[in-house]
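Chemist: Sharing query25.txt below, compact mmCIF, C-alpha atoms and all ligand atoms:
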# COMPACT_ATOMS: atom_id res chain seq x y z
CA MET B 1 100.82 177.55 172.03
CA ASN B 2 97.65 176.80 173.97
CA ASP B 3 98.69 174.35 176.66
CA GLN B 4 95.08 173.23 177.12
CA VAL B 5 95.37 171.08 174.01
CA THR B 6 97.11 167.74 173.65
CA ALA B 7 98.68 166.07 170.64
CA ILE B 8 99.53 162.46 169.92
CA ALA B 9 101.86 161.99 166.95
CA ILE B 10 102.02 158.72 165.00
CA ASP B 11 104.64 158.49 162.26
CA GLY B 12 105.94 155.72 160.08
CA PRO B 13 106.10 154.34 156.55
CA ALA B 14 103.12 153.41 154.36
CA GLY B 15 101.20 150.32 155.42
CA ALA B 16 102.47 150.19 159.02
CA GLY B 17 98.91 150.50 160.38
CA LYS B 18 99.08 154.13 161.51
CA SER B 19 95.65 155.28 160.36
CA THR B 20 93.74 152.30 161.77
CA ILE B 21 95.26 152.86 165.19
CA ALA B 22 95.17 156.66 165.03
CA LYS B 23 91.43 156.59 164.28
CA ARG B 24 90.76 154.29 167.24
CA VAL B 25 92.82 156.36 169.65
CA ALA B 26 91.16 159.57 168.47
CA LYS B 27 87.67 158.11 168.85
CA ASP B 28 88.44 156.77 172.28
CA LEU B 29 89.90 160.02 173.56
CA GLY B 30 87.40 162.28 171.81
CA TYR B 31 90.24 163.93 169.89
CA ILE B 32 90.17 164.70 166.20
CA TYR B 33 92.08 162.42 163.84
CA VAL B 34 94.25 164.34 161.41
CA ASP B 35 95.45 162.32 158.41
CA THR B 36 98.25 164.51 157.05
CA GLY B 37 98.96 162.15 154.13
CA ALA B 38 95.50 163.07 152.81
CA MET B 39 96.61 166.72 152.66
CA TYR B 40 99.68 165.83 150.56
CA ARG B 41 97.41 163.73 148.36
CA ALA B 42 95.03 166.68 147.81
CA MET B 43 97.97 168.84 146.74
CA ALA B 44 99.03 166.02 144.41
CA ILE B 45 95.59 166.06 142.74
CA HIS B 46 96.07 169.78 142.11
CA PHE B 47 99.41 169.16 140.35
CA ILE B 48 98.03 166.25 138.30
CA ARG B 49 95.10 168.39 137.16
CA LYS B 50 97.51 171.13 136.14
CA GLY B 51 99.22 168.57 133.88
CA ILE B 52 102.47 168.69 135.85
CA SER B 53 104.64 165.57 135.76
CA PRO B 54 106.22 164.23 138.98
CA GLU B 55 109.70 165.07 137.60
CA ASP B 56 108.80 168.74 137.09
CA THR B 57 109.91 170.18 140.45
CA ALA B 58 109.80 173.76 139.11
CA GLY B 59 106.20 173.23 137.99
CA ILE B 60 105.27 171.82 141.41
CA GLU B 61 106.86 174.82 143.13
CA ALA B 62 105.20 177.32 140.81
CA ASN B 63 101.74 175.80 141.34
CA ALA B 64 101.87 175.14 145.09
CA GLU B 65 100.57 178.62 145.87
CA SER B 66 97.36 178.25 143.85
CA ALA B 67 96.21 175.15 145.78
CA SER B 68 94.05 175.75 148.81
CA VAL B 69 93.76 172.67 151.02
CA THR B 70 91.29 172.74 153.89
CA ILE B 71 89.91 170.16 156.28
CA LYS B 72 86.42 169.75 157.66
CA TYR B 73 85.01 167.19 160.06
CA ILE B 74 81.65 165.79 159.05
CA ASN B 75 80.13 163.20 161.42
CA GLY B 76 83.56 162.90 162.98
CA GLU B 77 85.22 162.03 159.65
CA GLN B 78 87.96 164.10 158.08
CA ARG B 79 87.01 165.48 154.66
CA VAL B 80 89.69 167.11 152.54
CA TYR B 81 88.91 170.02 150.25
CA LEU B 82 91.00 171.21 147.36
CA ASN B 83 89.99 174.73 146.30
CA ASP B 84 86.60 174.16 147.98
CA GLU B 85 85.95 170.81 146.24
CA ASP B 86 85.65 167.71 148.43
CA VAL B 87 88.33 165.39 146.99
CA THR B 88 88.26 162.83 149.82
CA ALA B 89 86.90 160.04 147.60
CA ILE B 90 89.64 160.33 144.98
CA LEU B 91 92.75 160.57 147.17
CA ARG B 92 93.84 156.92 147.02
CA THR B 93 94.71 156.10 143.44
CA PRO B 94 98.24 154.88 142.51
CA GLU B 95 98.77 158.03 140.40
CA VAL B 96 97.95 160.27 143.37
CA SER B 97 100.13 158.13 145.70
CA ASN B 98 103.07 158.54 143.37
CA MET B 99 102.60 162.28 142.85
CA ALA B 100 102.11 162.83 146.61
CA SER B 101 105.28 160.95 147.42
CA VAL B 102 107.29 163.06 144.95
CA SER B 103 105.69 166.47 145.48
CA SER B 104 105.80 166.15 149.27
CA ALA B 105 109.60 166.46 149.05
CA VAL B 106 109.24 170.04 147.77
CA PRO B 107 109.69 172.44 150.73
CA LYS B 108 107.09 174.91 149.44
CA VAL B 109 104.46 172.15 149.48
CA ARG B 110 105.46 170.98 152.95
CA LEU B 111 105.58 174.43 154.54
CA LYS B 112 102.09 175.22 153.34
CA LEU B 113 100.64 172.02 154.82
CA VAL B 114 102.71 172.14 158.01
CA GLU B 115 101.12 175.52 158.73
CA LEU B 116 97.64 173.97 158.41
CA GLN B 117 98.65 170.99 160.58
CA ARG B 118 100.06 173.20 163.33
CA GLU B 119 96.96 175.38 163.27
CA LEU B 120 94.74 172.31 163.74
CA ALA B 121 96.89 171.16 166.67
CA ARG B 122 96.90 174.64 168.18
CA THR B 123 93.13 174.71 168.45
CA ASN B 124 92.15 171.03 168.92
CA ASN B 125 93.21 167.90 170.75
CA VAL B 126 94.59 165.79 167.93
CA VAL B 127 95.87 162.39 167.01
CA MET B 128 97.89 163.24 163.93
CA ASP B 129 99.54 160.68 161.67
CA GLY B 130 102.13 161.20 158.98
CA ARG B 131 105.87 161.04 158.43
CA ASP B 132 107.29 164.06 160.27
CA ILE B 133 104.72 164.84 162.95
CA GLY B 134 106.79 163.93 166.03
CA SER B 135 110.09 164.98 164.48
CA TYR B 136 109.11 168.28 162.90
CA VAL B 137 105.47 169.40 162.90
CA LEU B 138 104.64 168.90 166.59
CA PRO B 139 107.92 168.45 168.48
CA ASP B 140 106.06 168.98 171.79
CA ALA B 141 103.45 166.26 171.20
CA ARG B 142 102.59 164.50 174.47
CA ILE B 143 103.02 161.04 172.98
CA LYS B 144 105.08 160.13 169.95
CA ILE B 145 104.90 156.77 168.26
CA TYR B 146 106.97 155.48 165.38
CA MET B 147 105.05 152.63 163.84
CA THR B 148 106.64 150.35 161.30
CA ALA B 149 106.51 146.82 159.84
CA GLY B 150 108.60 144.77 157.42
CA ILE B 151 108.23 145.63 153.75
CA LYS B 152 106.74 142.24 152.82
CA GLU B 153 104.09 142.51 155.51
CA ARG B 154 103.19 146.07 154.54
CA ALA B 155 102.92 145.13 150.86
CA LYS B 156 100.71 142.16 151.74
CA ARG B 157 98.39 144.40 153.78
CA ARG B 158 98.03 146.87 150.91
CA TYR B 159 97.45 143.98 148.50
CA ASN B 160 94.66 142.54 150.68
CA GLU B 161 93.08 145.98 151.09
CA MET B 162 92.97 146.43 147.32
CA LEU B 163 91.60 142.91 146.76
CA GLU B 164 88.85 143.63 149.27
CA LYS B 165 87.91 146.71 147.29
CA GLY B 166 87.82 144.59 144.13
CA GLN B 167 90.79 146.42 142.61
CA GLU B 168 93.20 144.55 140.38
CA CYS B 169 96.72 144.44 141.80
CA ASP B 170 100.05 142.71 141.75
CA LEU B 171 101.86 141.98 145.00
CA ALA B 172 105.39 142.38 143.59
CA GLN B 173 104.44 145.70 141.99
CA ILE B 174 102.93 146.99 145.26
CA GLU B 175 106.09 145.99 147.14
CA LYS B 176 108.25 147.82 144.62
CA GLU B 177 106.11 150.98 144.84
CA ILE B 178 106.16 150.96 148.65
CA GLU B 179 109.93 150.53 148.60
CA GLU B 180 110.31 153.52 146.28
CA ARG B 181 108.02 155.65 148.43
CA ASP B 182 109.88 154.64 151.61
CA TYR B 183 113.16 155.62 150.02
CA ARG B 184 111.87 159.02 148.90
CA ASP B 185 110.17 159.73 152.25
CA MET B 186 113.31 158.82 154.22
CA HIS B 187 115.87 160.53 152.01
CA ARG B 188 114.35 163.92 151.19
CA ASP B 189 116.31 166.89 152.51
CA PHE B 190 113.47 168.65 154.29
CA ALA B 191 111.66 166.94 157.20
CA PRO B 192 112.27 163.33 156.11
CA LEU B 193 110.66 160.29 157.71
CA VAL B 194 112.71 159.54 160.84
CA GLN B 195 111.98 158.19 164.27
CA ALA B 196 112.07 161.14 166.68
CA PRO B 197 114.52 160.45 169.54
CA ASP B 198 111.67 160.53 172.06
CA ALA B 199 109.25 158.39 170.01
CA THR B 200 108.29 154.85 171.04
CA LEU B 201 108.95 152.29 168.32
CA ILE B 202 106.19 149.79 167.57
CA ASP B 203 106.98 147.12 164.97
CA THR B 204 103.59 145.79 163.90
CA SER B 205 104.94 143.04 161.56
CA THR B 206 103.69 140.17 163.67
CA MET B 207 101.09 142.00 165.75
CA SER B 208 97.33 141.97 165.34
CA ILE B 209 95.42 145.27 165.32
CA GLU B 210 94.24 144.39 168.84
CA GLU B 211 97.82 143.93 170.06
CA VAL B 212 98.94 147.23 168.56
CA ALA B 213 95.91 148.96 170.07
CA GLU B 214 96.79 147.45 173.46
CA THR B 215 100.37 148.73 173.21
CA VAL B 216 99.25 152.23 172.29
CA LYS B 217 96.63 152.14 175.02
CA ASN B 218 99.37 151.46 177.56
CA LEU B 219 101.29 154.49 176.33
CA VAL B 220 98.26 156.76 176.43
CA TYR B 221 96.66 155.67 179.69
CA GLY B 222 99.45 153.86 181.49
CA PRO B 223 99.44 150.06 181.83
CA ILE B 224 96.79 149.85 184.56
CA ASN B 225 94.03 152.38 183.98
CA TYR B 226 92.78 151.84 180.43
CA GLY B 227 89.59 153.84 180.72
CA SER B 228 86.76 152.64 178.52
CA TRP B 229 88.64 151.78 175.36
CA GLN B 230 87.59 148.53 173.75
O1 LIG Y 301 100.26 158.43 154.46
P1 LIG Y 301 100.00 158.52 152.96
O2 LIG Y 301 100.42 157.31 152.18
O3 LIG Y 301 98.58 158.89 152.66
O4 LIG Y 301 100.92 159.75 152.45
C1 LIG Y 301 101.02 160.11 151.10
C2 LIG Y 301 102.38 160.74 150.85
O5 LIG Y 301 102.47 161.99 151.52
C3 LIG Y 301 103.57 159.91 151.33
O6 LIG Y 301 104.24 159.26 150.27
C4 LIG Y 301 104.51 160.88 151.96
C5 LIG Y 301 103.75 162.15 152.10
N1 LIG Y 301 103.60 162.57 153.49
C6 LIG Y 301 104.59 163.36 154.01
O7 LIG Y 301 105.58 163.61 153.34
N2 LIG Y 301 104.48 163.84 155.28
C7 LIG Y 301 103.42 163.56 156.02
N3 LIG Y 301 103.32 164.08 157.26
C8 LIG Y 301 102.38 162.73 155.51
C9 LIG Y 301 102.52 162.23 154.23
Translate this file's structure into structure tokens.
Modeler:
Amino acid sequence: MNDQVTAIAIDGPAGAGKSTIAKRVAKDLGYIYVDTGAMYRAMAIHFIRKGISPEDTAGIEANAESASVTIKYINGEQRVYLNDEDVTAILRTPEVSNMASVSSAVPKVRLKLVELQRELARTNNVVMDGRDIGSYVLPDARIKIYMTAGIKERAKRRYNEMLEKGQECDLAQIEKEIEERDYRDMHRDFAPLVQAPDATLIDTSTMSIEEVAETVKNLVYGPINYGSWQ
């Protein structure tokens, strides 16, 4: 491990606000932002294209090897490649969300992506968000945050995001899907979503983005010297 590099780990369930905050922290510190959920989503696209159903664990295992997921940074933005194709624009459909949530429980899928995540953190200063970053992928991360919010609030945020993009959606359905994903993420055998014992809990249910940013800023810089972060 190169002790010149620093990692900040942000974990938590879907819709807690991890990526918004992680991107800001990364930009402010000049670190790279690593969205590990996007990697699981790229693998999910591979399985969907192979015609594998989410229930077919053997099929997922058998096809994990043939997926090559890589990351590039273009103008500071993470792009995700599946077998050399940039799939960044098609990662966020409900079908991909569902397949990613199911296939990410398969150890073969996780081990492959954990290797890539650790390699990125070995060679770069990173703000990495996901489910198991502080608890499993980067246990030595300098700062660990477990970010969460109530289910109703998280569903409402997702609903508003989709409305803004002009996508049709149903709030009750979104809440149900998030609940199912939470359950799967928290109850899988291998590297489930848990708060690491040394992670700071931030419940963003009633906080604005600014307030969450302020809280994280205090953890990163200490309460007095904020540096230049706005
Ligand atoms: O953060 P996200 O919604 O883009 O993640 C998609 C899925 O990937 C999520 O349901 C759980 C899984 N995931 C994981 O198991 N471990 C991670 N470090 C990140 C995501």
Chemist: Kindly provide the residues of region 142-177 of chain B that approach region 118-138 of chain B to within 9 Å, each paired with its closest atom pair and their distance in Å to one decimal, based on all atoms listed in the file, listed by chain and increasing number, as JSON lines.
Modeler:
{"residue": "B:Ile143", "atom": "CA", "partner": "B:Gly134", "partner_atom": "CA", "distance": 8.4}
{"residue": "B:Lys144", "atom": "CA", "partner": "B:Gly134", "partner_atom": "CA", "distance": 5.7}
{"residue": "B:Ile145", "atom": "CA", "partner": "B:Gly134", "partner_atom": "CA", "distance": 7.7}
{"residue": "B:Tyr146", "atom": "CA", "partner": "B:Gly134", "partner_atom": "CA", "distance": 8.5}
Chemist: Around ligand LIG 301 (chain Y), out to 8 Å and counting all atoms listed in the file, which residues are there? I want them as an NGL selection string.
Modeler: :B and (11 or 13-15 or 35-41 or 92 or 97-98 or 100-102 or 104-105 or 110 or 129-133 or 181-182 or 184-185 or 191-193)
Chemist: Rank nothing, just name the residue among B:Ile202, B:Val109, B:Val114, B:Ala141 nearest to Thr57 (chain B), using only C-alpha atoms.
Modeler: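 Between B:Ile202, B:Val109, B:Val114, B:Ala141, the residue approaching Thr57 (chain B) most closely is B:Val109.
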Chemist: Separation of CA of Leu111 (chain B) and CA of Ile10 (chain B), in Å?
Modeler: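 We find that CA of Leu111 (chain B) and CA of Ile10 (chain B) lie 19.2 Å from each other.
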Chemist: Mind listing whatever residues come within 6 Å of the point (98.4, 152.7, 170.8)? Use only C-alpha atoms, file coordinates, and give them as an MDAnalysis selection string.
Modeler: chainID B and resid 212:213 215:217
Chemist: Counting all atoms listed in the file, which of B:His46, B:Val25, B:Gly12, B:Asp170 gets nearest to Met186 (chain B)?
Modeler: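 Checking each of B:His46, B:Val25, B:Gly12, B:Asp170 against Met186 (chain B), counting all atoms listed in the file, the winner is B:Gly12.
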Chemist: Enumerate, as number ranges by chain, the protein, DNA and RNA residues whose atoms approach (101.9, 174.9, 140.2) to within 12 Å, taking into account all atoms listed in the file and the coordinate frame of the file.
Modeler: B: 43-54, 56-68, 103, 106, 108-109
Chemist: What's the separation between CA of Gln195 (chain B) and CA of Val5 (chain B), in Å to one decimal place?
Modeler: 23.2 Å
Chemist: Which of these, B:Gly17, B:Thr70, B:Thr206, B:Met99, has the shortest distance to Glu161 (chain B) once you count all atoms listed in the file?
Modeler: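 Using all atoms listed in the file, the shortest distance to Glu161 (chain B) belongs to B:Gly17.
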Chemist: Could you jot down the CA of Leu82 (chain B) to CA of Val69 (chain B) separation for me, Å, one decimal place?
Modeler: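 Separation of CA of Leu82 (chain B) and CA of Val69 (chain B): 4.8 Å.
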Chemist: When distances are computed from only C-alpha atoms, which of B:Arg154, B:Ile71, B:Pro107, B:Leu113 shows the smallest separation from Lys18 (chain B)?
Modeler: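 Of all the options, B:Arg154 lies closest to Lys18 (chain B).
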Chemist: Looking at all atoms listed in the file, which of B:Ile32, B:Val96, B:Met207, B:Ala9 is the one that sits closest to Glu153 (chain B)?
Modeler: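 Checking each candidate against Glu153 (chain B), we get B:Met207 as the closest.
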Chemist: Determine, counting only C-alpha atoms, which protein, DNA and RNA residues have an atom within 8 Å of an atom of region 149-152 of chain B; residues of the same chain fewer than 3 positions away are not included. Present the result as number ranges by chain.
Modeler: B: 15-16, 155-156, 175, 178-179, 203-205
Chemist: Pick the closest to Met147 (chain B) from B:Thr200, B:Val34, B:Gly166, B:Asp28: which is it, counting all atoms listed in the file?
Modeler: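 Looking at the shortest contact to Met147 (chain B), the residue is B:Thr200.
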Chemist: Could you give me the centre and size, in Å to one decimal, of an axis-aligned box around all listed atoms of region 144-158 of chain B with 4 Å added on every side, as lines of an AutoDock Vina configuration file?
Modeler:
center_x = 103.3
center_y = 151.1
center_z = 160.4
size_x = 18.6
size_y = 26.0
size_z = 27.1
